[in-house]
file entry02.pdb (PDB, C-alpha atoms)
ATOM      1  CA  PHE A   1     -45.915 -25.070 -37.138
ATOM      2  CA  VAL A   2     -43.010 -27.399 -36.587
ATOM      3  CA  SER A   3     -39.468 -26.010 -36.420
ATOM      4  CA  HIS A   4     -36.773 -27.852 -38.323
ATOM      5  CA  ASN A   5     -33.934 -27.636 -35.800
ATOM      6  CA  ALA A   6     -32.753 -31.024 -34.496
ATOM      7  CA  LEU A   7     -35.892 -32.998 -35.271
ATOM      8  CA  PRO A   8     -35.896 -36.543 -33.918
ATOM      9  CA  THR A   9     -35.840 -38.973 -36.863
ATOM     10  CA  TYR A  10     -39.137 -40.648 -35.934
ATOM     11  CA  PHE A  11     -40.788 -37.260 -36.409
ATOM     12  CA  LEU A  12     -40.246 -37.090 -40.189
ATOM     13  CA  PHE A  13     -43.864 -37.581 -41.308
ATOM     14  CA  ALA A  14     -44.905 -37.651 -44.949
ATOM     15  CA  SER A  15     -47.739 -35.130 -44.676
ATOM     16  CA  PHE A  16     -48.287 -31.883 -42.793
ATOM     17  CA  THR A  17     -51.479 -32.985 -41.053
ATOM     18  CA  ASP A  18     -49.709 -35.963 -39.466
ATOM     19  CA  CYS A  19     -47.932 -33.514 -37.184
ATOM     20  CA  PHE A  20     -51.173 -32.761 -35.446
ATOM     21  CA  SER A  21     -52.008 -36.339 -34.498
ATOM     22  CA  PRO A  22     -52.513 -36.630 -30.698
ATOM     23  CA  SER A  23     -49.209 -38.249 -29.709
ATOM     24  CA  SER A  24     -47.327 -37.906 -26.454
ATOM     25  CA  LYS A  25     -44.142 -37.547 -28.458
ATOM     26  CA  ARG A  26     -45.287 -34.030 -29.430
ATOM     27  CA  GLN A  27     -44.468 -32.806 -25.919
ATOM     28  CA  THR A  28     -40.803 -33.532 -26.619
ATOM     29  CA  GLU A  29     -40.898 -31.483 -29.842
ATOM     30  CA  VAL A  30     -38.004 -29.043 -30.070
ATOM     31  CA  ARG A  31     -39.129 -25.424 -30.508
ATOM     32  CA  GLY A  32     -35.739 -23.892 -30.957
ATOM     33  CA  VAL A  33     -32.254 -23.798 -29.501
ATOM     34  CA  ALA A  34     -31.063 -20.678 -27.642
ATOM     35  CA  LYS A  35     -27.910 -19.033 -28.873
ATOM     36  CA  VAL A  36     -24.939 -20.157 -26.797
ATOM     37  CA  GLU A  37     -23.143 -17.079 -25.390
ATOM     38  CA  ASP A  38     -19.338 -17.091 -25.240
ATOM     39  CA  TYR A  39     -19.224 -16.360 -21.565
ATOM     40  CA  THR A  40     -21.240 -19.483 -20.754
ATOM     41  CA  LEU A  41     -18.652 -21.795 -22.277
ATOM     42  CA  PRO A  42     -15.577 -22.966 -20.349
ATOM     43  CA  ALA A  43     -12.864 -20.351 -20.604
ATOM     44  CA  TYR A  44      -9.095 -20.305 -20.527
ATOM     45  CA  PHE A  45      -7.373 -18.518 -17.621
ATOM     46  CA  ASP A  46      -3.707 -18.153 -16.735
ATOM     47  CA  ARG A  47      -3.883 -18.390 -12.919
ATOM     48  CA  ARG A  48      -1.328 -19.553 -10.465
ATOM     49  CA  GLU A  49      -3.945 -20.989  -8.135
ATOM     50  CA  SER A  50      -5.705 -23.083 -10.842
ATOM     51  CA  PRO A  51      -2.820 -24.417 -12.890
ATOM     52  CA  LEU A  52      -4.832 -26.585 -15.294
ATOM     53  CA  PRO A  53      -7.545 -24.539 -17.040
ATOM     54  CA  ASP A  54     -10.802 -26.070 -18.276
ATOM     55  CA  ILE A  55      -9.853 -25.899 -21.943
ATOM     56  CA  LYS A  56      -6.690 -25.899 -23.954
ATOM     57  CA  PHE A  57      -5.491 -22.540 -25.148
ATOM     58  CA  VAL A  58      -5.448 -23.304 -28.870
ATOM     59  CA  GLN A  59      -8.819 -24.681 -29.931
ATOM     60  CA  GLN A  60      -8.425 -24.697 -33.709
ATOM     61  CA  LEU A  61      -5.238 -26.575 -34.524
ATOM     62  CA  SER A  62      -3.306 -25.831 -37.660
ATOM     63  CA  PRO A  63      -2.272 -28.827 -39.810
ATOM     64  CA  ASP A  64       1.253 -28.666 -38.291
ATOM     65  CA  GLN A  65      -0.202 -28.721 -34.813
ATOM     66  CA  LYS A  66      -2.513 -31.591 -35.713
ATOM     67  CA  SER A  67       0.402 -33.700 -36.933
ATOM     68  CA  LEU A  68       2.308 -32.816 -33.786
ATOM     69  CA  LYS A  69      -0.605 -34.007 -31.668
ATOM     70  CA  GLU A  70      -0.539 -37.296 -33.580
ATOM     71  CA  LYS A  71       3.195 -37.608 -32.868
ATOM     72  CA  GLU A  72       2.471 -36.939 -29.211
ATOM     73  CA  LYS A  73       0.503 -40.186 -29.081
ATOM     74  CA  GLY A  74       3.740 -42.083 -29.608
ATOM     75  CA  SER A  75       6.815 -42.146 -27.434
ATOM     76  CA  TRP A  76       7.594 -38.780 -25.894
ATOM     77  CA  ALA A  77      11.336 -39.453 -25.964
ATOM     78  CA  ALA A  78      11.072 -39.069 -29.755
ATOM     79  CA  LEU A  79       9.905 -35.470 -29.429
ATOM     80  CA  SER A  80      12.493 -32.766 -29.843
ATOM     81  CA  LYS A  81      12.788 -29.854 -27.411
ATOM     82  CA  GLU A  82      11.086 -27.448 -29.820
ATOM     83  CA  GLU A  83       8.231 -29.894 -30.344
ATOM     84  CA  LYS A  84       7.699 -30.232 -26.605
ATOM     85  CA  ILE A  85       7.615 -26.456 -26.259
ATOM     86  CA  ALA A  86       5.179 -26.250 -29.203
ATOM     87  CA  LEU A  87       2.907 -28.796 -27.485
ATOM     88  CA  TYR A  88       3.077 -26.747 -24.286
ATOM     89  CA  ARG A  89       2.121 -23.605 -26.147
ATOM     90  CA  ILE A  90      -0.875 -25.405 -27.705
ATOM     91  CA  SER A  91      -2.226 -26.220 -24.260
ATOM     92  CA  PHE A  92      -1.170 -23.088 -22.381
ATOM     93  CA  LYS A  93      -0.876 -19.414 -23.211
ATOM     94  CA  GLU A  94       1.774 -18.257 -20.706
ATOM     95  CA  SER A  95       4.205 -20.133 -18.523
ATOM     96  CA  PHE A  96       4.191 -19.576 -14.771
ATOM     97  CA  ALA A  97       7.195 -17.316 -15.067
ATOM     98  CA  GLU A  98       5.469 -15.244 -17.732
ATOM     99  CA  MET A  99       2.164 -14.959 -15.887
ATOM    100  CA  ASP A 100       3.853 -14.009 -12.588
ATOM    101  CA  LYS A 101       6.037 -11.400 -14.187
ATOM    102  CA  GLY A 102       5.332  -7.866 -12.996
ATOM    103  CA  THR A 103       3.909  -5.414 -15.443
ATOM    104  CA  GLY A 104       5.839  -2.321 -14.440
ATOM    105  CA  GLU A 105       2.535  -0.578 -13.956
ATOM    106  CA  TRP A 106       3.760   0.766 -10.637
ATOM    107  CA  LYS A 107       6.047   3.176 -12.463
ATOM    108  CA  SER A 108       3.067   4.780 -14.199
ATOM    109  CA  VAL A 109       1.219   4.920 -10.903
ATOM    110  CA  VAL A 110       4.100   6.604  -9.070
ATOM    111  CA  ALA A 111       4.591   8.994 -11.978
ATOM    112  CA  GLY A 112       0.920   9.899 -11.825
ATOM    113  CA  ILE A 113       1.122  10.417  -8.072
ATOM    114  CA  PHE A 114       4.062  12.801  -8.380
ATOM    115  CA  PHE A 115       2.441  14.638 -11.255
ATOM    116  CA  PHE A 116      -0.798  15.287  -9.399
ATOM    117  CA  ILE A 117       1.023  16.244  -6.201
ATOM    118  CA  GLY A 118       2.944  18.781  -8.268
ATOM    119  CA  PHE A 119      -0.227  20.062  -9.854
ATOM    120  CA  THR A 120      -1.795  20.383  -6.416
ATOM    121  CA  GLY A 121       1.206  22.455  -5.376
ATOM    122  CA  LEU A 122       0.475  24.884  -8.196
ATOM    123  CA  VAL A 123      -3.162  25.049  -7.177
ATOM    124  CA  VAL A 124      -2.188  25.777  -3.563
ATOM    125  CA  LEU A 125       0.237  28.480  -4.704
ATOM    126  CA  TRP A 126      -2.450  30.163  -6.784
ATOM    127  CA  GLN A 127      -4.803  29.899  -3.839
ATOM    128  CA  ARG A 128      -2.313  31.588  -1.502
ATOM    129  CA  ASN A 129      -1.969  34.518  -3.881
ATOM    130  CA  TYR A 130      -5.521  34.965  -5.151
ATOM    131  CA  VAL A 131      -7.859  33.564  -2.504
ATOM    132  CA  TYR A 132      -6.380  34.203   0.910
ATOM    133  CA  GLY A 133      -6.223  37.710   2.371
ATOM    134  CA  ASP A 134      -3.364  39.163   4.367
ATOM    135  CA  VAL A 135      -2.014  37.443   7.471
ATOM    136  CA  PRO A 136      -2.786  39.101  10.840
ATOM    137  CA  HIS A 137      -0.603  41.989  12.087
ATOM    138  CA  THR A 138       0.872  39.626  14.673
ATOM    139  CA  PHE A 139       3.118  38.244  11.922
ATOM    140  CA  ASP A 140       4.917  41.565  11.364
ATOM    141  CA  PRO A 141       8.648  41.372  12.123
ATOM    142  CA  GLU A 142       8.450  44.160  14.717
ATOM    143  CA  TYR A 143       5.608  42.409  16.494
ATOM    144  CA  LYS A 144       7.514  39.104  16.417
ATOM    145  CA  GLN A 145      10.544  40.811  17.911
ATOM    146  CA  LYS A 146       8.435  42.150  20.775
ATOM    147  CA  GLU A 147       7.024  38.641  21.281
ATOM    148  CA  VAL A 148      10.509  37.119  21.557
ATOM    149  CA  GLN A 149      11.582  39.814  24.000
ATOM    150  CA  ARG A 150       8.535  39.178  26.173
ATOM    151  CA  MET A 151       9.224  35.410  26.159
ATOM    152  CA  LEU A 152      12.792  36.047  27.303
ATOM    153  CA  ASP A 153      11.569  38.447  29.995
ATOM    154  CA  MET A 154       9.203  35.773  31.303
ATOM    155  CA  ARG A 155      12.061  33.235  31.329
ATOM    156  CA  ILE A 156      10.230  30.729  29.121
ATOM    157  CA  ASN A 157      11.902  27.274  29.467
ATOM    158  CA  PRO A 158      15.036  28.545  31.239
ATOM    159  CA  VAL A 159      16.585  25.115  31.948
ATOM    160  CA  GLU A 160      16.800  23.362  28.573
ATOM    161  CA  GLY A 161      14.613  25.299  26.132
ATOM    162  CA  PHE A 162      14.060  28.815  24.824
ATOM    163  CA  SER A 163      15.505  31.124  27.473
ATOM    164  CA  ALA A 164      18.321  28.681  28.203
ATOM    165  CA  LYS A 165      19.805  29.693  24.837
ATOM    166  CA  TRP A 166      19.848  33.428  25.676
ATOM    167  CA  ASP A 167      22.797  35.023  27.359
ATOM    168  CA  TYR A 168      21.251  37.504  29.842
ATOM    169  CA  GLU A 169      24.602  39.050  30.759
ATOM    170  CA  ASN A 170      25.531  40.074  27.270
ATOM    171  CA  ASN A 171      21.981  40.467  25.871
ATOM    172  CA  ALA A 172      22.590  38.114  22.967
ATOM    173  CA  TRP A 173      21.963  34.527  21.944
ATOM    174  CA  LYS A 174      24.463  32.125  23.413
ATOM    175  CA  LYS A 175      27.143  31.046  20.970
TER     176      LYS A 175
ATOM    177  CA  MET B 176      12.519 -38.089 -11.454
ATOM    178  CA  LYS B 177      11.805 -38.533  -7.751
ATOM    179  CA  SER B 178      10.351 -42.038  -8.066
ATOM    180  CA  THR B 179      13.041 -43.918  -6.166
ATOM    181  CA  MET B 180      13.304 -41.575  -3.154
ATOM    182  CA  SER B 181      10.562 -39.558  -1.518
ATOM    183  CA  LEU B 182      10.613 -35.874  -0.633
ATOM    184  CA  VAL B 183      11.286 -34.710   2.895
ATOM    185  CA  LYS B 184       8.000 -34.145   4.730
ATOM    186  CA  PRO B 185       7.706 -30.409   5.432
ATOM    187  CA  ALA B 186       7.223 -29.132   8.966
ATOM    188  CA  MET B 187       3.528 -29.352   9.733
ATOM    189  CA  ARG B 188       3.414 -28.222  13.362
ATOM    190  CA  GLY B 189       5.015 -25.776  15.705
ATOM    191  CA  LEU B 190       5.564 -23.138  13.035
ATOM    192  CA  LEU B 191       4.456 -20.268  15.246
ATOM    193  CA  ALA B 192       6.450 -21.607  18.194
ATOM    194  CA  LYS B 193       9.548 -21.792  16.045
ATOM    195  CA  ARG B 194       9.048 -18.241  14.834
ATOM    196  CA  LEU B 195       8.465 -16.928  18.355
ATOM    197  CA  ARG B 196      11.502 -18.764  19.691
ATOM    198  CA  PHE B 197      13.548 -16.836  17.186
ATOM    199  CA  HIS B 198      11.907 -13.434  17.192
ATOM    200  CA  LEU B 199      10.808 -12.887  20.795
ATOM    201  CA  PRO B 200      14.317 -12.743  22.322
ATOM    202  CA  ILE B 201      15.276 -10.298  19.594
ATOM    203  CA  ALA B 202      12.180  -8.196  20.233
ATOM    204  CA  PHE B 203      12.730  -8.097  23.984
ATOM    205  CA  GLY B 204      16.401  -7.361  23.497
ATOM    206  CA  LEU B 205      15.744  -4.467  21.145
ATOM    207  CA  ALA B 206      13.098  -3.045  23.471
ATOM    208  CA  LEU B 207      15.557  -3.221  26.353
ATOM    209  CA  VAL B 208      18.260  -1.560  24.287
ATOM    210  CA  ALA B 209      15.837   1.206  23.297
ATOM    211  CA  ALA B 210      14.898   1.836  26.931
ATOM    212  CA  VAL B 211      18.505   1.891  28.111
ATOM    213  CA  ALA B 212      19.553   4.154  25.258
ATOM    214  CA  PHE B 213      16.743   6.586  26.049
ATOM    215  CA  LYS B 214      17.701   6.609  29.731
ATOM    216  CA  PHE B 215      21.321   7.495  29.073
ATOM    217  CA  THR B 216      20.818   9.914  26.210
ATOM    218  CA  VAL B 217      17.749  11.779  27.434
ATOM    219  CA  THR B 218      16.738  11.331  31.063
ATOM    220  CA  GLU B 219      20.163  11.389  32.687
ATOM    221  CA  PRO B 220      21.363  14.516  30.812
ATOM    222  CA  ARG B 221      18.054  16.177  31.590
ATOM    223  CA  LYS B 222      18.354  15.430  35.296
ATOM    224  CA  GLN B 223      21.885  16.786  35.243
ATOM    225  CA  ALA B 224      20.794  19.943  33.398
ATOM    226  CA  TYR B 225      18.140  20.669  36.027
ATOM    227  CA  ALA B 226      20.598  19.996  38.847
ATOM    228  CA  ASP B 227      23.136  22.357  37.317
ATOM    229  CA  PHE B 228      20.539  25.056  36.729
ATOM    230  CA  TYR B 229      19.300  25.083  40.308
ATOM    231  CA  LYS B 230      22.733  24.730  41.937
ATOM    232  CA  HIS B 231      23.464  28.445  41.604
ATOM    233  CA  TYR B 232      19.940  29.787  41.100
ATOM    234  CA  ASP B 233      19.167  33.060  42.747
ATOM    235  CA  SER B 234      15.375  33.279  42.672
ATOM    236  CA  MET B 235      15.185  36.835  44.059
ATOM    237  CA  LYS B 236      17.527  38.124  41.426
ATOM    238  CA  GLU B 237      15.511  36.445  38.706
ATOM    239  CA  PHE B 238      12.296  37.809  40.190
ATOM    240  CA  SER B 239      13.627  41.365  40.238
ATOM    241  CA  ALA B 240      14.794  41.074  36.658
ATOM    242  CA  MET B 241      11.371  39.823  35.559
ATOM    243  CA  ARG B 242       9.658  42.563  37.570
ATOM    244  CA  GLU B 243      11.719  45.274  35.918
ATOM    245  CA  ALA B 244      10.917  43.812  32.515
ATOM    246  CA  GLY B 245       7.229  44.367  33.344
ATOM    247  CA  VAL B 246       5.832  40.888  32.863
ATOM    248  CA  PHE B 247       3.966  40.739  36.185
ATOM    249  CA  GLU B 248       0.502  42.057  36.894
ATOM    250  CA  SER B 249       0.717  41.827  40.706
ATOM    251  CA  VAL B 250       3.850  43.954  41.023
ATOM    252  CA  ARG B 251       4.833  46.840  38.790
ATOM    253  CA  PRO B 252       8.423  47.746  37.969
ATOM    254  CA  THR B 253      10.155  49.862  40.634
ATOM    255  CA  GLY B 254       9.749  52.931  38.533
ATOM    256  CA  LYS B 255       8.705  56.443  39.200
TER     257      LYS B 255
END
call {"tool": "encode", "arguments": {"input": "entry02.pdb", "output": "structure tokens"}}
result
Amino acid sequence: FVSHNALPTYFLFASFTDCFSPSSKRQTEVRGVAKVEDYTLPAYFDRRESPLPDIKFVQQLSPDQKSLKEKEKGSWAALSKEEKIALYRISFKESFAEMDKGTGEWKSVVAGIFFFIGFTGLVVLWQRNYVYGDVPHTFDPEYKQKEVQRMLDMRINPVEGFSAKWDYENNAWKK
Amino acid sequence: MKSTMSLVKPAMRGLLAKRLRFHLPIAFGLALVAAVAFKFTVTEPRKQAYADFYKHYDSMKEFSAMREAGVFESVRPTGK
């Protein structure tokens, strides 16, 4: 069975049985052509580091663009400013300024960060109220007062720190 | 556009040396300033504070006060 895709011209025999004649040309017979995937073809990229992409941006030219390309073959001084820009846009999608422009995505990112930090705060608040038990008795105000008194009695940091701020004569914090 | 005159050749060598010549004196200067500032805002006042504290420090009086407050385990307050 001979496929009909891209047959060499010398292979057009008159009868079917001629295809089975022992000829070395049969080894070059084409069985079929694989489908060409898009990603295997040269692609267009807007990249600062490779300024001239493999293909032009616009592949199918409109009639206006075709006539403009013909005009481009002449003197470039005859081209108007709009025509030059149109030729640029045929070859390239974005200018360097356009491709380098920031997207403003950082604002969404920062907004998301703040939002989830806030949500985490709510989760932590719920956790404090519904998961954790009471704090130890050592946090009671009376207990804390006794702790402070004991620290003052022991003269903790009397030169520059804790007890230095207490007035022992008048039994009060120094003003 | 630039066919009649050529562009200035950019600096190809000594880039790090040039940067260091500029930044190292600044770095050393700032470090020195930081050290001097710390000395005169922190260490000297602290030394003075300790000197003032111990100039009129009566250790026996302080000891008696602490003893009466009951913070020691080796001596109890002079109570009944």
call {"tool": "interface_residues", "arguments": {"input": "entry02.pdb", "of": "chain A", "to": "chain B", "cutoff": "12 Å", "atoms": "only C-alpha atoms", "output": "PyMOL selection string"}}
result
chain A and resi 147+149-161+164+168-169
call {"tool": "axis_aligned_box", "arguments": {"input": "entry02.pdb", "around": "range 193-211 of chain B", "padding_each_side": "8 Å", "output": "lines of an AutoDock Vina configuration file"}}
result
center_x = 13.5
center_y = -10.0
center_z = 21.5
size_x = 26.0
size_y = 39.7
size_z = 29.3
call {"tool": "atom_distance", "arguments": {"input": "entry02.pdb", "atom1": "CA of Ile55 in chain A", "atom2": "CA of Ser91 in chain A"}}
result
8.0 Å
call {"tool": "atom_distance", "arguments": {"input": "entry02.pdb", "atom1": "CA of Val148 in chain A", "atom2": "CA of Leu125 in chain A"}}
result
29.5 Å
call {"tool": "atom_distance", "arguments": {"input": "entry02.pdb", "atom1": "CA of Gly254 in chain B", "atom2": "CA of Asn171 in chain A"}}
result
21.6 Å
call {"tool": "decode", "arguments": {"input": "entry02.pdb", "residues": "range 67-90 of chain A", "atoms": "C-alpha atoms", "output": "mmCIF file, in the first residue's frame"}}
result
data_model
loop_
_atom_site.group_PDB
_atom_site.id
_atom_site.type_symbol
_atom_site.label_atom_id
_atom_site.label_comp_id
_atom_site.auth_asym_id
_atom_site.auth_seq_id
_atom_site.Cartn_x
_atom_site.Cartn_y
_atom_site.Cartn_z
ATOM 1 C CA SER A 67 1.798 47.079 0.354
ATOM 2 C CA LEU A 68 3.721 48.711 3.175
ATOM 3 C CA LYS A 69 6.342 45.975 2.992
ATOM 4 C CA GLU A 70 6.664 46.650 -0.738
ATOM 5 C CA LYS A 71 7.156 50.359 0.000
ATOM 6 C CA GLU A 72 9.809 49.420 2.535
ATOM 7 C CA LYS A 73 11.918 48.020 -0.297
ATOM 8 C CA GLY A 74 12.344 51.544 -1.622
ATOM 9 C CA SER A 75 13.934 54.517 0.057
ATOM 10 C CA TRP A 76 13.203 54.673 3.766
ATOM 11 C CA ALA A 77 13.264 58.475 3.763
ATOM 12 C CA ALA A 78 9.969 58.269 1.842
ATOM 13 C CA LEU A 79 8.255 56.506 4.736
ATOM 14 C CA SER A 80 6.180 58.616 7.065
ATOM 15 C CA LYS A 81 6.472 58.344 10.849
ATOM 16 C CA GLU A 82 3.249 56.339 11.124
ATOM 17 C CA GLU A 83 4.430 53.951 8.419
ATOM 18 C CA LYS A 84 7.712 53.368 10.225
ATOM 19 C CA ILE A 85 5.834 52.642 13.439
ATOM 20 C CA ALA A 86 3.488 50.298 11.529
ATOM 21 C CA LEU A 87 6.514 48.432 10.128
ATOM 22 C CA TYR A 88 7.936 48.157 13.644
ATOM 23 C CA ARG A 89 4.684 46.747 14.941
ATOM 24 C CA ILE A 90 4.660 44.145 12.136
#
